[in-house]
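**Student:** Here it is, the structure in full.
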Amino acid sequence: MKATLIGLIVAGFGTVVGGFVKGVNPIVLITNVPAILIVIVGALGATMASFDMKATTNVFKAIMKAIFPKPLPAASESLATIVEFANRSRQEGLLSLEGDVATLEDPFMRKALQLAIDGNDPEAVADVMRTDIRTMKARHKVAAEWCTSFGIFAPTFGIIGAVMGLIATLSHLDEPELLGKGISAAFVATFWGVFVANGMMLPLANKLKNMSAAEVAGREMVMEGVLAIQGGQNPRVIEETLMTYLPPTEALALREAQAV
């Protein structure tokens with residue numbers, strides 16, 4: 001199980017158990033179908049109206065990636081590969097890498113190195129890689145903003161649900177025995193609005209932003225490494241430069257491993 005899934009489960013568990021300790025029956029929350037419909041469907045509709053249909057259809061795939069993320073290429077492994085290629089390129093020439101490039105699992109590194117091997121101008125190679133990174137960031141930004149918008153709309157629709165519940169309850173002022181139950185049910189919508197926003201959608205939006213930032217950093221490291229290889233820089237200088245992309249503890253561990 002991944003951190004995001006665990007976090008969502010912990011948030012739900014803590015909320016339900018805390019409410020139960022306070023005397024709130026969880027069954028009351030999940031059986032109030034009108035309240036759930038107002039919040040979920042209302043917020044979904046408002047969010048869909050804020051984006052094009054493609055963004056809405058793609059966001060569910062992005063959410064699944066946030067909950068069950070595929071491992072990104074390890075930065076230390078990418079660094080080691082680039083340094084190895086830099087050494088070979090310096091000794092045997094850039095064309096000597098062509099056979100191994102096709103076997104690389106990282107498609108971004110594979111494309112970048114192939115562009116360099118094909119003899120393209122370094123500026124052209126850099127432009128292609130920067131454009132790739134920029135379009136990826138824009139694509140990721142849409143998914144994160146979609147989840148953020150849902151999180152903004154959900155509490156508002158929770159209030160709408162509460163108001164509608166109170167309207168229905170106040171129409172029974174001649175039946176005092178129904179007032180307490182009606183007011184309690186009215187605030188279920190508020191609960192769902194706040195919980196869906198803060199317990200689900202906003203955390204997912206933050207996770208998507210963090211995932212995007214990590215992927216961008218990894219690609220920027222690869223881009224700098226490939227351009228350095230193409231420019232014929234010293235492999236040792238390339239390694240030290242790319243080390244700055246690693247977390248301090250990971251960089252230290254890598255240096256210690258190399259010293260052994």
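Residue numbering restarts at 1 in every chain; chains get A, B, ... in the order shown in the structure tokens, and ligands count up from 1 in that same order.
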Which residues of region 133-225 of chain A come within 10 Å of region 26-34 of chain A, and what is each one's closest atom pair and distance in Å (one decimal), counting only C-alpha atoms, sorted by chain and residue number, as a tab-separated table?

**Tutor:**
residue	atom	partner	partner_atom	distance
A:Gly161	CA	A:Pro34	CA	8.1
A:Gly165	CA	A:Pro34	CA	9.3
A:Ser184	CA	A:Val28	CA	9.4
A:Ala185	CA	A:Asn32	CA	7.3
A:Ala186	CA	A:Asn32	CA	9.3
A:Phe187	CA	A:Leu29	CA	9.7
A:Val188	CA	A:Leu29	CA	6.1
A:Ala189	CA	A:Pro34	CA	8.2
A:Phe191	CA	A:Leu29	CA	8.3
A:Trp192	CA	A:Leu29	CA	8.1

**Student:** Would you kindly return, as a tab-separated table (two decimals) with N, CA and C atoms, in the first residue's frame, each protein, DNA or RNA residue with an atom no farther than 8 Å from any atom of region 241-258 of chain A, considering only C-alpha atoms and excluding same-chain residues fewer than 2 positions away?

**Tutor:**
chain	number	residue	atom	x	y	z
A	75	ALA	N	16.70	8.64	-9.12
A	75	ALA	CA	17.63	9.69	-9.52
A	75	ALA	C	19.07	9.19	-9.47
A	76	SER	N	19.40	8.40	-8.44
A	76	SER	CA	20.77	7.89	-8.31
A	76	SER	C	21.11	6.95	-9.46
A	79	LEU	N	21.62	9.02	-12.56
A	79	LEU	CA	22.92	9.68	-12.47
A	79	LEU	C	24.03	8.70	-12.84
A	217	ALA	N	12.00	17.41	-11.76
A	217	ALA	CA	13.39	17.46	-11.28
A	217	ALA	C	14.22	16.34	-11.90
A	218	GLY	N	13.63	15.14	-11.99
A	218	GLY	CA	14.34	14.02	-12.59
A	218	GLY	C	14.67	14.27	-14.05
A	221	MET	N	17.45	16.88	-14.46
A	221	MET	CA	18.75	16.29	-14.21
A	221	MET	C	19.24	15.54	-15.44
A	224	GLU	N	20.27	18.03	-18.20
A	224	GLU	CA	21.58	18.63	-17.96
A	224	GLU	C	22.70	17.63	-18.20
A	225	GLY	N	22.48	16.38	-17.81
A	225	GLY	CA	23.49	15.36	-18.02
A	225	GLY	C	23.73	15.07	-19.50
A	237	VAL	N	33.09	16.12	-13.51
A	237	VAL	CA	32.36	17.37	-13.35
A	237	VAL	C	30.87	17.14	-13.53
A	238	ILE	N	30.53	16.29	-14.50
A	238	ILE	CA	29.12	15.96	-14.73
A	238	ILE	C	28.52	15.31	-13.49
A	239	GLU	N	29.26	14.37	-12.91
A	239	GLU	CA	28.77	13.68	-11.73
A	239	GLU	C	28.54	14.63	-10.56
A	260	VAL	N	34.01	3.23	-0.99
A	260	VAL	CA	34.33	1.89	-0.48
A	260	VAL	C	35.15	1.12	-1.51

**Student:** Quick one: contact table of region 92-149 of chain A to region 62-68 of chain A, 12 Å max, nearest atom pair and distance in Å to one decimal per residue, counting only C-alpha atoms, chain and number order, as a Markdown table?

**Tutor:**
| residue | atom | partner | partner_atom | distance |
| --- | --- | --- | --- | --- |
| A:Arg139 | CA | A:Ala62 | CA | 10.1 |
| A:His140 | CA | A:Ala62 | CA | 8.3 |
| A:Lys141 | CA | A:Ala62 | CA | 10.8 |
| A:Val142 | CA | A:Ala62 | CA | 10.0 |
| A:Ala143 | CA | A:Ala62 | CA | 6.6 |
| A:Ala144 | CA | A:Ala62 | CA | 8.7 |
| A:Glu145 | CA | A:Ala62 | CA | 11.6 |
| A:Trp146 | CA | A:Ile63 | CA | 10.4 |
| A:Cys147 | CA | A:Ile63 | CA | 8.7 |

**Student:** Using only C-alpha atoms, tabulate the residues of region 200-220 of chain A lying at most 12 Å from any atom of region 51-61 of chain A, each with its closest atom pair and that distance in Å to one decimal, by chain and increasing residue number, as a Markdown table.

**Tutor:**
| residue | atom | partner | partner_atom | distance |
| --- | --- | --- | --- | --- |
| A:Met201 | CA | A:Val59 | CA | 11.5 |
| A:Leu204 | CA | A:Val59 | CA | 10.9 |
| A:Ala205 | CA | A:Val59 | CA | 10.5 |
| A:Leu208 | CA | A:Val59 | CA | 10.4 |

**Student:** Using DSSP on the backbone, list every residue of region 22-247 of chain A that comes out as alpha helix (DSSP H), and give them as number ranges by chain.

**Tutor:** A: 26-30, 33-50, 53-67, 75-92, 98-101, 107-117, 122-170, 179-196, 202-230, 235-243

**Student:** Just want the 9 Å neighbourhood of Asn87 (chain A), counted on only C-alpha atoms, with same-chain residues fewer than 4 positions away dropped. Output as a PDB file with C-alpha atoms, in the first residue's frame.

**Tutor:**
ATOM      1  CA  ILE A  82      24.654   9.254 -17.318  1.00  0.00           C
ATOM      2  CA  VAL A  83      28.131   9.162 -15.753  1.00  0.00           C
ATOM      3  CA  GLN A  91      36.803   7.545 -24.545  1.00  0.00           C
ATOM      4  CA  GLU A  92      35.038   6.089 -27.603  1.00  0.00           C
ATOM      5  CA  ILE A 229      27.762  14.550 -22.478  1.00  0.00           C
ATOM      6  CA  ASN A 234      34.595  15.832 -17.891  1.00  0.00           C
ATOM      7  CA  PRO A 235      32.580  12.895 -16.409  1.00  0.00           C
ATOM      8  CA  ARG A 236      33.722  13.851 -12.909  1.00  0.00           C
TER       9      ARG A 236
END

**Student:** Within 8 Å of region 104-112 of chain A, which residues of region 150-255 of chain A show up? Give each one with its shortest atom-to-atom distance in Å (one decimal) and the two atoms involved, counting only C-alpha atoms, rows by chain then rising residue number, as JSON lines.

**Tutor:**
{"residue": "A:Arg219", "atom": "CA", "partner": "A:Phe108", "partner_atom": "CA", "distance": 7.2}
{"residue": "A:Val222", "atom": "CA", "partner": "A:Met109", "partner_atom": "CA", "distance": 6.2}
{"residue": "A:Met223", "atom": "CA", "partner": "A:Ala112", "partner_atom": "CA", "distance": 7.1}
{"residue": "A:Val226", "atom": "CA", "partner": "A:Ala112", "partner_atom": "CA", "distance": 6.7}

**Student:** Figure out the distance between CA of Met200 (chain A) and CA of Gly151 (chain A), please, to one decimal in Å.

**Tutor:**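 That distance, rounded to one decimal, is 8.0 Å.
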
**Student:** From the list A:Val39, A:Lys181, A:Ala197, A:Asn25, which residue is nearest Gly158 (chain A) when using only C-alpha atoms?

**Tutor:** A:Val39

**Student:** Identify which of the residues A:Pro122, A:Gly182, A:Pro155, A:Lys137 lies closest to Lys209 (chain A), counting only C-alpha atoms when measuring atom-to-atom distances.

**Tutor:**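 Distance minimum relative to Lys209 (chain A) lands on A:Lys137.
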
**Student:** What is the distance between CA of Val41 (chain A) and CA of Val163 (chain A), in Å to one decimal?

**Tutor:**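 Between CA of Val41 (chain A) and CA of Val163 (chain A) the gap is 16.6 Å.
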